[in-house]
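Undergrad: The file below is my_file_14.tsv, TSV, C-alpha atoms and all ligand atoms:
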```
chain	number	residue	atom	x	y	z
A	1	MET	CA	-8.53	3.66	7.46
A	2	VAL	CA	-11.33	5.76	5.96
A	3	ARG	CA	-13.77	4.13	3.55
A	4	ASN	CA	-16.10	7.03	2.71
A	5	TYR	CA	-15.10	10.37	1.23
A	6	ASP	CA	-16.49	13.82	0.49
A	7	ALA	CA	-16.83	13.56	-3.30
A	8	ASP	CA	-17.31	17.34	-3.60
A	9	ARG	CA	-14.02	18.18	-1.97
A	10	PRO	CA	-11.01	17.66	-4.21
A	11	VAL	CA	-7.52	17.25	-2.80
A	12	ALA	CA	-5.09	19.98	-3.87
A	13	PRO	CA	-2.44	18.50	-6.18
A	14	GLU	CA	0.29	20.07	-4.00
A	15	LEU	CA	-1.02	18.08	-1.06
A	16	VAL	CA	-0.85	14.80	-2.97
A	17	ASP	CA	2.66	15.71	-4.07
A	18	LYS	CA	3.58	16.35	-0.45
A	19	LEU	CA	2.42	12.85	0.51
A	20	LEU	CA	4.33	11.34	-2.40
A	21	GLY	CA	7.34	13.31	-1.18
A	22	TYR	CA	7.00	11.55	2.19
A	23	ALA	CA	6.79	8.19	0.42
A	24	VAL	CA	10.18	8.55	-1.23
A	25	HIS	CA	11.75	9.11	2.20
A	26	ALA	CA	10.83	5.61	3.31
A	27	PRO	CA	13.70	3.33	4.30
A	28	SER	CA	14.74	0.68	1.79
A	29	ALA	CA	17.17	-2.25	1.78
A	30	GLY	CA	20.48	-1.16	0.26
A	31	PHE	CA	18.69	2.11	-0.48
A	32	SER	CA	17.32	0.26	-3.49
A	33	GLN	CA	14.13	2.36	-3.52
A	34	GLY	CA	12.42	-0.22	-5.68
A	35	TRP	CA	9.06	1.47	-5.70
A	36	ASP	CA	6.89	3.42	-8.12
A	37	PHE	CA	3.55	5.07	-7.50
A	38	LEU	CA	0.71	5.26	-9.98
A	39	HIS	CA	-1.18	8.48	-9.22
A	40	LEU	CA	-4.79	8.59	-10.41
A	41	GLY	CA	-6.32	12.01	-9.86
A	42	THR	CA	-8.94	12.70	-12.53
A	43	PRO	CA	-12.49	11.30	-12.38
A	44	GLU	CA	-11.76	9.32	-15.56
A	45	GLU	CA	-8.61	7.78	-14.15
A	46	VAL	CA	-10.30	6.88	-10.88
A	47	GLU	CA	-13.28	5.40	-12.73
A	48	SER	CA	-10.93	3.33	-14.91
A	49	PHE	CA	-9.33	1.95	-11.76
A	50	TRP	CA	-12.66	0.75	-10.35
A	51	ALA	CA	-13.78	-0.57	-13.73
A	52	ALA	CA	-10.62	-2.65	-14.02
A	53	THR	CA	-10.38	-3.92	-10.45
A	54	THR	CA	-13.89	-4.40	-9.11
A	55	VAL	CA	-15.13	-7.94	-8.52
A	56	THR	CA	-18.84	-8.71	-8.36
A	57	ASP	CA	-18.95	-9.95	-4.77
A	58	VAL	CA	-17.57	-6.77	-3.19
A	59	PRO	CA	-20.09	-5.16	-0.76
A	60	THR	CA	-21.86	-2.17	-2.36
A	61	SER	CA	-21.60	-0.06	0.80
A	62	TRP	CA	-17.81	-0.47	0.79
A	63	LEU	CA	-17.52	0.24	-2.91
A	64	ASP	CA	-19.85	3.27	-2.87
A	65	GLY	CA	-17.80	5.00	-0.18
A	66	MET	CA	-14.44	4.08	-1.68
A	67	ARG	CA	-15.48	5.24	-5.15
A	68	ARG	CA	-16.05	8.75	-3.76
A	69	ALA	CA	-12.31	9.14	-3.14
A	70	PRO	CA	-11.01	11.70	-5.63
A	71	VAL	CA	-7.48	10.27	-5.64
A	72	ILE	CA	-6.04	6.77	-5.79
A	73	ILE	CA	-2.36	5.97	-5.42
A	74	VAL	CA	-1.18	2.49	-6.38
A	75	PRO	CA	2.21	1.60	-4.83
A	76	LEU	CA	4.17	-0.68	-7.17
A	77	SER	CA	7.09	-2.79	-5.98
A	78	HIS	CA	10.05	-3.63	-8.20
A	79	ARG	CA	11.82	-6.87	-7.32
A	80	ASP	CA	14.55	-6.56	-9.95
A	81	ALA	CA	15.68	-3.23	-8.51
A	82	TYR	CA	16.75	-5.21	-5.42
A	83	LEU	CA	18.29	-8.12	-7.30
A	84	ASN	CA	20.28	-5.62	-9.39
A	85	ARG	CA	21.25	-3.42	-6.45
A	86	TYR	CA	22.52	-6.41	-4.46
A	87	ALA	CA	24.54	-7.63	-7.46
A	88	GLU	CA	26.62	-4.43	-7.17
A	89	PRO	CA	30.21	-4.81	-5.84
A	90	ASP	CA	29.46	-3.63	-2.27
A	91	LYS	CA	26.83	-6.36	-1.89
A	92	GLY	CA	28.16	-9.01	-4.27
A	93	TRP	CA	25.13	-11.22	-4.80
A	94	THR	CA	25.88	-11.54	-8.49
A	95	ASP	CA	23.79	-14.70	-8.87
A	96	ARG	CA	20.67	-12.56	-8.34
A	97	ASP	CA	19.21	-15.58	-6.55
A	98	GLU	CA	15.82	-14.77	-5.09
A	99	ALA	CA	16.38	-17.51	-2.48
A	100	ARG	CA	18.75	-15.07	-0.77
A	101	TRP	CA	15.71	-13.06	0.25
A	102	PRO	CA	13.86	-14.81	3.08
A	103	VAL	CA	11.25	-12.07	2.88
A	104	PRO	CA	10.55	-9.86	-0.16
A	105	TYR	CA	12.11	-6.56	0.86
A	106	TRP	CA	10.78	-4.97	-2.33
A	107	ASP	CA	7.23	-5.45	-1.04
A	108	ILE	CA	8.19	-4.52	2.51
A	109	ASP	CA	9.86	-1.25	1.47
A	110	THR	CA	6.95	-0.32	-0.78
A	111	GLY	CA	4.69	-1.02	2.20
A	112	MET	CA	6.80	1.29	4.37
A	113	ALA	CA	6.46	4.01	1.74
A	114	SER	CA	2.71	3.40	1.70
A	115	LEU	CA	2.54	3.86	5.47
A	116	LEU	CA	4.19	7.28	5.14
A	117	ILE	CA	1.42	8.26	2.73
A	118	LEU	CA	-1.20	7.03	5.21
A	119	LEU	CA	0.38	8.85	8.16
A	120	GLY	CA	0.92	11.99	6.09
A	121	ALA	CA	-2.75	11.92	5.09
A	122	VAL	CA	-3.78	11.94	8.77
A	123	ASP	CA	-1.45	14.87	9.46
A	124	GLU	CA	-3.01	16.82	6.61
A	125	GLY	CA	-6.60	16.22	7.73
A	126	LEU	CA	-7.25	13.76	4.92
A	127	GLY	CA	-8.59	10.22	5.03
A	128	ALA	CA	-6.99	7.24	3.34
A	129	CYS	CA	-7.45	3.50	3.05
A	130	PHE	CA	-4.97	0.85	1.99
A	131	PHE	CA	-6.74	-2.06	0.33
A	132	GLY	CA	-6.00	-5.02	-1.87
A	133	ILE	CA	-6.48	-5.38	-5.61
A	134	PRO	CA	-8.14	-8.78	-6.20
A	135	PRO	CA	-5.49	-11.07	-7.75
A	136	GLU	CA	-7.80	-12.03	-10.62
A	137	ARG	CA	-8.04	-8.32	-11.55
A	138	THR	CA	-4.31	-7.59	-11.54
A	139	ASP	CA	-3.91	-8.25	-15.26
A	140	ALA	CA	-6.86	-5.98	-16.06
A	141	PHE	CA	-5.32	-3.32	-13.83
A	142	ARG	CA	-1.97	-3.61	-15.63
A	143	THR	CA	-3.65	-3.38	-19.02
A	144	ALA	CA	-5.78	-0.37	-18.06
A	145	PHE	CA	-2.77	1.68	-16.99
A	146	GLY	CA	0.11	0.17	-18.98
A	147	VAL	CA	1.89	-1.13	-15.88
A	148	PRO	CA	4.69	-3.53	-16.90
A	149	ALA	CA	5.00	-7.08	-15.56
A	150	SER	CA	8.16	-6.03	-13.68
A	151	ARG	CA	6.06	-4.01	-11.24
A	152	THR	CA	3.73	-5.51	-8.63
A	153	PRO	CA	0.84	-3.49	-7.22
A	154	ILE	CA	1.09	-4.28	-3.51
A	155	GLY	CA	-2.37	-2.78	-2.96
A	156	ALA	CA	-3.95	0.62	-3.54
A	157	ILE	CA	-4.61	3.71	-1.45
A	158	THR	CA	-7.75	5.84	-1.67
A	159	LEU	CA	-7.25	9.44	-0.63
A	160	GLY	CA	-9.68	12.28	0.04
A	161	TYR	CA	-11.45	14.28	2.70
A	162	PRO	CA	-13.27	11.93	5.07
A	163	ALA	CA	-17.05	11.67	5.13
A	164	PRO	CA	-19.11	9.88	7.83
A	165	ASP	CA	-17.86	6.34	7.81
A	166	ARG	CA	-18.65	2.93	9.20
A	167	ARG	CA	-15.61	1.44	10.87
A	168	SER	CA	-14.40	-1.92	9.65
A	169	ALA	CA	-16.20	-4.90	11.15
A	170	SER	CA	-12.74	-6.42	11.61
A	171	LEU	CA	-12.13	-3.97	14.47
A	172	LYS	CA	-14.45	-6.12	16.60
A	173	ARG	CA	-11.52	-8.49	16.87
A	174	GLY	CA	-9.94	-5.98	19.24
A	175	ARG	CA	-6.38	-4.75	19.27
A	176	ARG	CA	-3.69	-7.19	20.37
A	177	GLU	CA	-2.10	-5.35	23.25
A	178	VAL	CA	1.62	-5.01	23.82
A	179	GLU	CA	1.79	-7.70	26.50
A	180	ALA	CA	0.13	-10.18	24.13
A	181	VAL	CA	2.68	-9.72	21.38
A	182	VAL	CA	5.97	-8.82	23.05
A	183	HIS	CA	8.20	-11.72	24.11
A	184	ARG	CA	10.66	-10.43	26.66
A	185	GLY	CA	14.07	-12.06	26.60
A	186	ARG	CA	12.80	-15.31	25.08
A	187	TRP	CA	9.88	-16.62	23.05
A	188	SER	CA	6.96	-17.49	25.27
A	189	ASP	CA	3.86	-19.36	24.16
A	190	ARG	CA	0.71	-17.63	25.19
A	191	PRO	CA	-2.92	-18.60	24.82
A	192	ARG	CA	-3.88	-15.16	23.44
A	201	LIG	C1	-2.01	-5.05	3.90
A	201	LIG	C2	-3.37	-4.47	4.23
A	201	LIG	C3	-4.45	-4.82	3.43
A	201	LIG	C4	-5.70	-4.28	3.71
A	201	LIG	N1	-6.74	-4.59	2.88
A	201	LIG	C5	-7.93	-3.99	3.07
A	201	LIG	C6	-8.98	-4.20	2.13
A	201	LIG	O1	-8.82	-4.90	1.12
A	201	LIG	N2	-10.15	-3.55	2.35
A	201	LIG	C7	-10.32	-2.72	3.41
A	201	LIG	O2	-11.42	-2.15	3.54
A	201	LIG	N3	-9.34	-2.50	4.33
A	201	LIG	C8	-8.15	-3.12	4.17
A	201	LIG	N4	-7.14	-2.88	5.05
A	201	LIG	C9	-7.37	-2.03	6.25
A	201	LIG	C10	-7.54	-2.84	7.52
A	201	LIG	O3	-8.82	-3.45	7.53
A	201	LIG	C11	-7.38	-1.91	8.73
A	201	LIG	O4	-6.09	-1.38	8.73
A	201	LIG	C12	-7.64	-2.62	10.04
A	201	LIG	O5	-8.96	-3.05	10.11
A	201	LIG	C13	-7.35	-1.70	11.23
A	201	LIG	O6	-8.11	-0.52	11.13
A	201	LIG	P1	-7.40	0.92	11.22
A	201	LIG	O7	-6.26	0.90	10.23
A	201	LIG	O8	-8.48	1.87	10.85
A	201	LIG	O9	-6.91	1.06	12.63
A	201	LIG	C14	-5.88	-3.40	4.81
A	201	LIG	C15	-4.78	-3.05	5.60
A	201	LIG	C16	-3.53	-3.57	5.30
A	201	LIG	C17	-2.35	-3.15	6.16
```
When written as C-alpha cells, how does the structure in this file appear?
Ligand SMILES: Cc1cc2nc3c(=O)[nH]c(=O)nc-3n(C[C@H](O)[C@H](O)[C@H](O)COP(=O)(O)O)c2cc1C
TA:
Amino acid sequence: MVRNYDADRPVAPELVDKLLGYAVHAPSAGFSQGWDFLHLGTPEEVESFWAATTVTDVPTSWLDGMRRAPVIIVPLSHRDAYLNRYAEPDKGWTDRDEARWPVPYWDIDTGMASLLILLGAVDEGLGACFFGIPPERTDAFRTAFGVPASRTPIGAITLGYPAPDRRSASLKRGRREVEAVVHRGRWSDRPR
C-alpha cells in the first residue's frame, strides 16, 4: 500500500480504465458481479471525496500524502444482486433470505475485484492504497456522490504514481508466516 503520491503526475485515463477492466474479471458467486465502482478523477471530485469522508482525528501526515492521489476508486457492493441472482431457477433461493449467506459474498467479491485493481496498479508502476471510509461519514459520502442506499462502499482506493512514503506502522507486527497459519490435515492450536 502506498500512502504518498506525486501530485504533479496524473494517471492516464486509459490506465485507470485498464485497471477497472481487471476488476470486472474478478470471480463472483453465481457470477452475480454485484459490484460498481465510483471513479473520481478530477481535482474537484477528489476534493469532494476528502471533504465528505475526513474525520478530525485522522493523522495529518497520512491525510496529506493520501490527498495527493489524483484518482480515487470507491468499490461498491450490491447485496440485492446476489439475493436476486440466487432466487433464479438454477439456484432456487426464492425466499431471498440473507441467513443463507454465512458470509457476505457481495462484499467478498467486491474485495476480490479491488485486489485486482491493487495488483494491476503494481504491474503498471503505480501506487495504490485500500482504506476504510469512517462509518460515520458514509452518509455524507453517499450524499456527495448520489450513491444509493442499495450500494455499500466497502472502502476506497487511492491511485497515483508513488512518492517517497513512510510504511505503515502496522508492519512492525511482522508477517504471519505460512507455518503459523496453515493447519495441515487437521486444526492445530498454536501459540503464535
Ligand atoms: C480491508 C483493508 C482495510 C485497510 N484499511 C486501511 C486504512 O484505513 N488505512 C490505511 O492506511 N491502510 C489500510 N489498509 C492497508 C493495510 O494497512 C496494509 O495492507 C497492511 O498494513 C499491509 O501492508 P502492505 O499491503 O503494504 O503489505 C487496509 C487494508 C485492507 C485489506
Undergrad: Counting all atoms listed in the file, which residues in chain A sit no more than 7 Å from ligand LIG 201 (chain A)? For each one, give the nearest pair of atoms and the distance in Å, sorted by chain then residue number, as a tab-separated table.
TA:
```
residue	atom	partner	partner_atom	distance
A:Met1	CA	A:LIG201	O8	3.8
A:Val2	CA	A:LIG201	O8	6.9
A:Arg3	CA	A:LIG201	O2	6.7
A:Cys129	CA	A:LIG201	C9	6.4
A:Phe130	CA	A:LIG201	C14	5.2
A:Phe131	CA	A:LIG201	C5	3.6
A:Gly132	CA	A:LIG201	O1	4.1
A:Ser168	CA	A:LIG201	O5	5.6
A:Ser170	CA	A:LIG201	O5	5.3
A:Leu171	CA	A:LIG201	O5	5.5
```
Undergrad: With distances taken over all atoms listed in the file, which of A:Leu116, A:Ala51, A:Ser28, A:His183 is nearest to Phe141 (chain A)?
TA: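 The shortest atom-to-atom distance to Phe141 (chain A) comes from A:Ala51.
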Undergrad: Please indicate the distance in Å from CA of Val24 (chain A) to CA of Ile72 (chain A), rounded to one decimal place.
TA: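 Atom-to-atom, CA of Val24 (chain A) to CA of Ile72 (chain A), that is 16.9 Å.
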Undergrad: Just how far from CA of Ile157 (chain A) is CA of Ala113 (chain A), in Å to one decimal?
TA: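 Pair CA of Ala113 (chain A) / CA of Ile157 (chain A) returns 11.5 Å.
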Undergrad: Rank A:Gly65, A:Gly30, A:Pro148, A:Pro10 by their smallest atom-to-atom distance to Arg85 (chain A), using only C-alpha atoms, and report the top residue only.
TA: A:Gly30
Undergrad: Just checking: using only C-alpha atoms, which residue out of A:Tyr105, A:Phe37, A:Phe31, A:Phe145 ends up closest to Lys91 (chain A)?
TA: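 Ranking A:Tyr105, A:Phe37, A:Phe31, A:Phe145 by distance to Lys91 (chain A), first place goes to A:Phe31.
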Undergrad: For each of A:Trp62, A:Phe49, A:Ser32, A:Ser188, take the minimum atom-to-atom distance to Ala140 (chain A), counting only C-alpha atoms, then give the residue where this is smallest.
TA: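 For Ala140 (chain A), the nearest of the given residues is A:Phe49.
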Undergrad: Hey, can I get the axis-aligned box for region 16-28 of chain A? All listed atoms, 4 Å padding on each side, centre and edge lengths in Å to one decimal, as AutoDock Vina command-line options.
TA:
```
--center_x 6.9 --center_y 8.5 --center_z 0.1 --size_x 23.6 --size_y 23.7 --size_z 16.4
```
Undergrad: So how many Å separate CA of Gly41 (chain A) and CA of Pro104 (chain A), to one decimal?
TA: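 Here the two named atoms are 29.3 Å from each other.
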Undergrad: Calculated over only C-alpha atoms, which of the candidates A:Ala180, A:Ile133, A:Val122, A:Ala99 has the smallest distance to Val74 (chain A)?
TA: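 Comparing A:Ala180, A:Ile133, A:Val122, A:Ala99 against Val74 (chain A), the winner is A:Ile133.
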Undergrad: Have a look at A:Leu118, A:Ala29, A:Val55, A:Leu15 and name the one nearest to Arg137 (chain A); count only C-alpha atoms.
TA: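 Residue with the minimum atom-to-atom distance to Arg137 (chain A): A:Val55.
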Undergrad: Need the shell around Asp6 (chain A): protein/DNA/RNA residues with any atom at most 10 Å away, counting all atoms listed in the file. Skip same-chain ones fewer than 6 positions apart. Format as a list in words?
TA: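 Result of the neighbour search: Gly65, Arg68, Ala69, Pro70, Gly127, Gly160, Tyr161, Pro162, Ala163 and Pro164 of chain A.
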Undergrad: Show which residues sit within 10 Å of Ala81 (chain A), as an MDAnalysis selection string. Count only C-alpha atoms, and ignore same-chain residues fewer than 3 positions away.
TA: chainID A and resid 32:35 77:78 84:87 106 150
Undergrad: Dig up all the protein and nucleic acid residues within 10 Å of (20.6, -9.8, -7.7) in the file frame, using all atoms listed in the file, and format them as an mmCIF file with C-alpha atoms, in the frame of the given file.
TA:
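Result file result-v8.cif:
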```
data_model
loop_
_atom_site.group_PDB
_atom_site.id
_atom_site.type_symbol
_atom_site.label_atom_id
_atom_site.label_comp_id
_atom_site.auth_asym_id
_atom_site.auth_seq_id
_atom_site.Cartn_x
_atom_site.Cartn_y
_atom_site.Cartn_z
ATOM 1 C CA ARG A 79 11.820 -6.870 -7.320
ATOM 2 C CA ASP A 80 14.550 -6.560 -9.950
ATOM 3 C CA ALA A 81 15.680 -3.230 -8.510
ATOM 4 C CA TYR A 82 16.750 -5.210 -5.420
ATOM 5 C CA LEU A 83 18.290 -8.120 -7.300
ATOM 6 C CA ASN A 84 20.280 -5.620 -9.390
ATOM 7 C CA ARG A 85 21.250 -3.420 -6.450
ATOM 8 C CA TYR A 86 22.520 -6.410 -4.460
ATOM 9 C CA ALA A 87 24.540 -7.630 -7.460
ATOM 10 C CA GLU A 88 26.620 -4.430 -7.170
ATOM 11 C CA LYS A 91 26.830 -6.360 -1.890
ATOM 12 C CA GLY A 92 28.160 -9.010 -4.270
ATOM 13 C CA TRP A 93 25.130 -11.220 -4.800
ATOM 14 C CA THR A 94 25.880 -11.540 -8.490
ATOM 15 C CA ASP A 95 23.790 -14.700 -8.870
ATOM 16 C CA ARG A 96 20.670 -12.560 -8.340
ATOM 17 C CA ASP A 97 19.210 -15.580 -6.550
ATOM 18 C CA GLU A 98 15.820 -14.770 -5.090
ATOM 19 C CA ARG A 100 18.750 -15.070 -0.770
ATOM 20 C CA TRP A 101 15.710 -13.060 0.250
#
```
Undergrad: Name all residues at most 7 Å from Met66 (chain A) (count all atoms listed in the file; drop same-chain ones fewer than 5 positions away) and give them as a PyMOL selection string.
TA: chain A and resi 3-5+158
Undergrad: Those selected residues, please, written with C-alpha atoms and delivered as a compact mmCIF listing (two decimals), in the coordinates of the input.
TA:
```
# COMPACT_ATOMS: atom_id res chain seq x y z
CA ARG A 3 -13.77 4.13 3.55
CA ASN A 4 -16.10 7.03 2.71
CA TYR A 5 -15.10 10.37 1.23
CA THR A 158 -7.75 5.84 -1.67
```
Undergrad: Please write C-alpha atoms of region 26-115 of chain A, from the structure given just now, as a short mmCIF file (atom, residue, chain, number, x, y, z; two decimals), in the first residue's frame.
TA:
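So the final result, stored in selection.cif, reads:
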```cif
data_model
loop_
_atom_site.label_atom_id
_atom_site.label_comp_id
_atom_site.auth_asym_id
_atom_site.auth_seq_id
_atom_site.Cartn_x
_atom_site.Cartn_y
_atom_site.Cartn_z
CA ALA A 26 -12.84 -10.88 -10.61
CA PRO A 27 -14.60 -14.09 -9.62
CA SER A 28 -18.08 -13.76 -8.13
CA ALA A 29 -20.59 -16.14 -6.55
CA GLY A 30 -23.08 -17.30 -9.18
CA PHE A 31 -21.33 -14.83 -11.47
CA SER A 32 -23.53 -12.26 -9.77
CA GLN A 33 -20.97 -9.48 -10.30
CA GLY A 34 -22.65 -7.37 -7.66
CA TRP A 35 -20.15 -4.57 -7.76
CA ASP A 36 -19.96 -1.00 -9.01
CA PHE A 37 -17.01 1.37 -8.96
CA LEU A 38 -17.20 5.10 -8.37
CA HIS A 39 -14.32 6.65 -10.31
CA LEU A 40 -13.17 10.07 -9.09
CA GLY A 41 -10.55 11.54 -11.40
CA THR A 42 -10.80 15.34 -11.38
CA PRO A 43 -9.31 17.51 -8.61
CA GLU A 44 -12.85 18.65 -7.71
CA GLU A 45 -14.16 15.12 -7.43
CA VAL A 46 -11.19 14.00 -5.34
CA GLU A 47 -11.52 17.06 -3.08
CA SER A 48 -15.24 16.35 -2.62
CA PHE A 49 -14.36 12.83 -1.51
CA TRP A 50 -11.99 14.06 1.20
CA ALA A 51 -14.39 16.81 2.27
CA ALA A 52 -17.17 14.26 2.74
CA THR A 53 -15.19 11.48 4.39
CA THR A 54 -12.48 13.04 6.53
CA VAL A 55 -12.80 12.80 10.30
CA THR A 56 -10.96 15.20 12.58
CA ASP A 57 -8.77 12.66 14.36
CA VAL A 58 -7.08 11.32 11.22
CA PRO A 59 -3.27 11.88 11.27
CA THR A 60 -2.27 14.85 9.08
CA SER A 61 0.76 13.04 7.64
CA TRP A 62 -1.49 10.21 6.42
CA LEU A 63 -4.08 12.59 5.01
CA ASP A 64 -1.55 14.89 3.30
CA GLY A 65 0.00 12.01 1.37
CA MET A 66 -3.31 10.36 0.51
CA ARG A 67 -4.82 13.64 -0.69
CA ARG A 68 -2.07 13.89 -3.33
CA ALA A 69 -3.50 10.86 -5.14
CA PRO A 70 -5.01 12.10 -8.41
CA VAL A 71 -7.52 9.25 -8.62
CA ILE A 72 -9.83 7.55 -6.13
CA ILE A 73 -11.89 4.47 -6.91
CA VAL A 74 -14.65 3.51 -4.48
CA PRO A 75 -15.72 -0.15 -4.84
CA LEU A 76 -19.43 -0.52 -4.05
CA SER A 77 -21.00 -3.86 -3.19
CA HIS A 78 -24.59 -4.73 -4.08
CA ARG A 79 -26.21 -7.28 -1.79
CA ASP A 80 -29.51 -7.46 -3.67
CA ALA A 81 -27.73 -8.52 -6.86
CA TYR A 82 -26.85 -11.74 -5.01
CA LEU A 83 -30.24 -12.24 -3.40
CA ASN A 84 -31.86 -11.77 -6.82
CA ARG A 85 -29.34 -13.94 -8.67
CA TYR A 86 -29.78 -16.80 -6.19
CA ALA A 87 -33.57 -16.56 -6.49
CA GLU A 88 -33.21 -17.57 -10.16
CA PRO A 89 -34.34 -21.12 -11.10
CA ASP A 90 -30.84 -22.67 -11.21
CA LYS A 91 -30.23 -21.60 -7.60
CA GLY A 92 -33.76 -21.57 -6.22
CA TRP A 93 -33.39 -19.49 -3.07
CA THR A 94 -36.64 -17.68 -3.75
CA ASP A 95 -37.06 -16.60 -0.12
CA ARG A 96 -34.10 -14.23 -0.62
CA ASP A 97 -33.20 -14.99 2.99
CA GLU A 98 -29.95 -13.32 3.96
CA ALA A 99 -29.44 -16.02 6.62
CA ARG A 100 -28.49 -18.34 3.74
CA TRP A 101 -25.28 -16.38 3.42
CA PRO A 102 -22.89 -17.27 6.25
CA VAL A 103 -20.51 -14.66 4.87
CA PRO A 104 -21.47 -11.70 2.67
CA TYR A 105 -20.25 -12.79 -0.75
CA TRP A 106 -21.22 -9.39 -2.16
CA ASP A 107 -18.53 -7.77 -0.01
CA ILE A 108 -16.07 -10.60 -0.63
CA ASP A 109 -16.42 -10.43 -4.41
CA THR A 110 -16.11 -6.65 -4.42
CA GLY A 111 -12.97 -7.12 -2.32
CA MET A 112 -11.60 -9.57 -4.88
CA ALA A 113 -12.25 -7.03 -7.62
CA SER A 114 -10.48 -4.41 -5.51
CA LEU A 115 -7.43 -6.67 -5.18
#
```
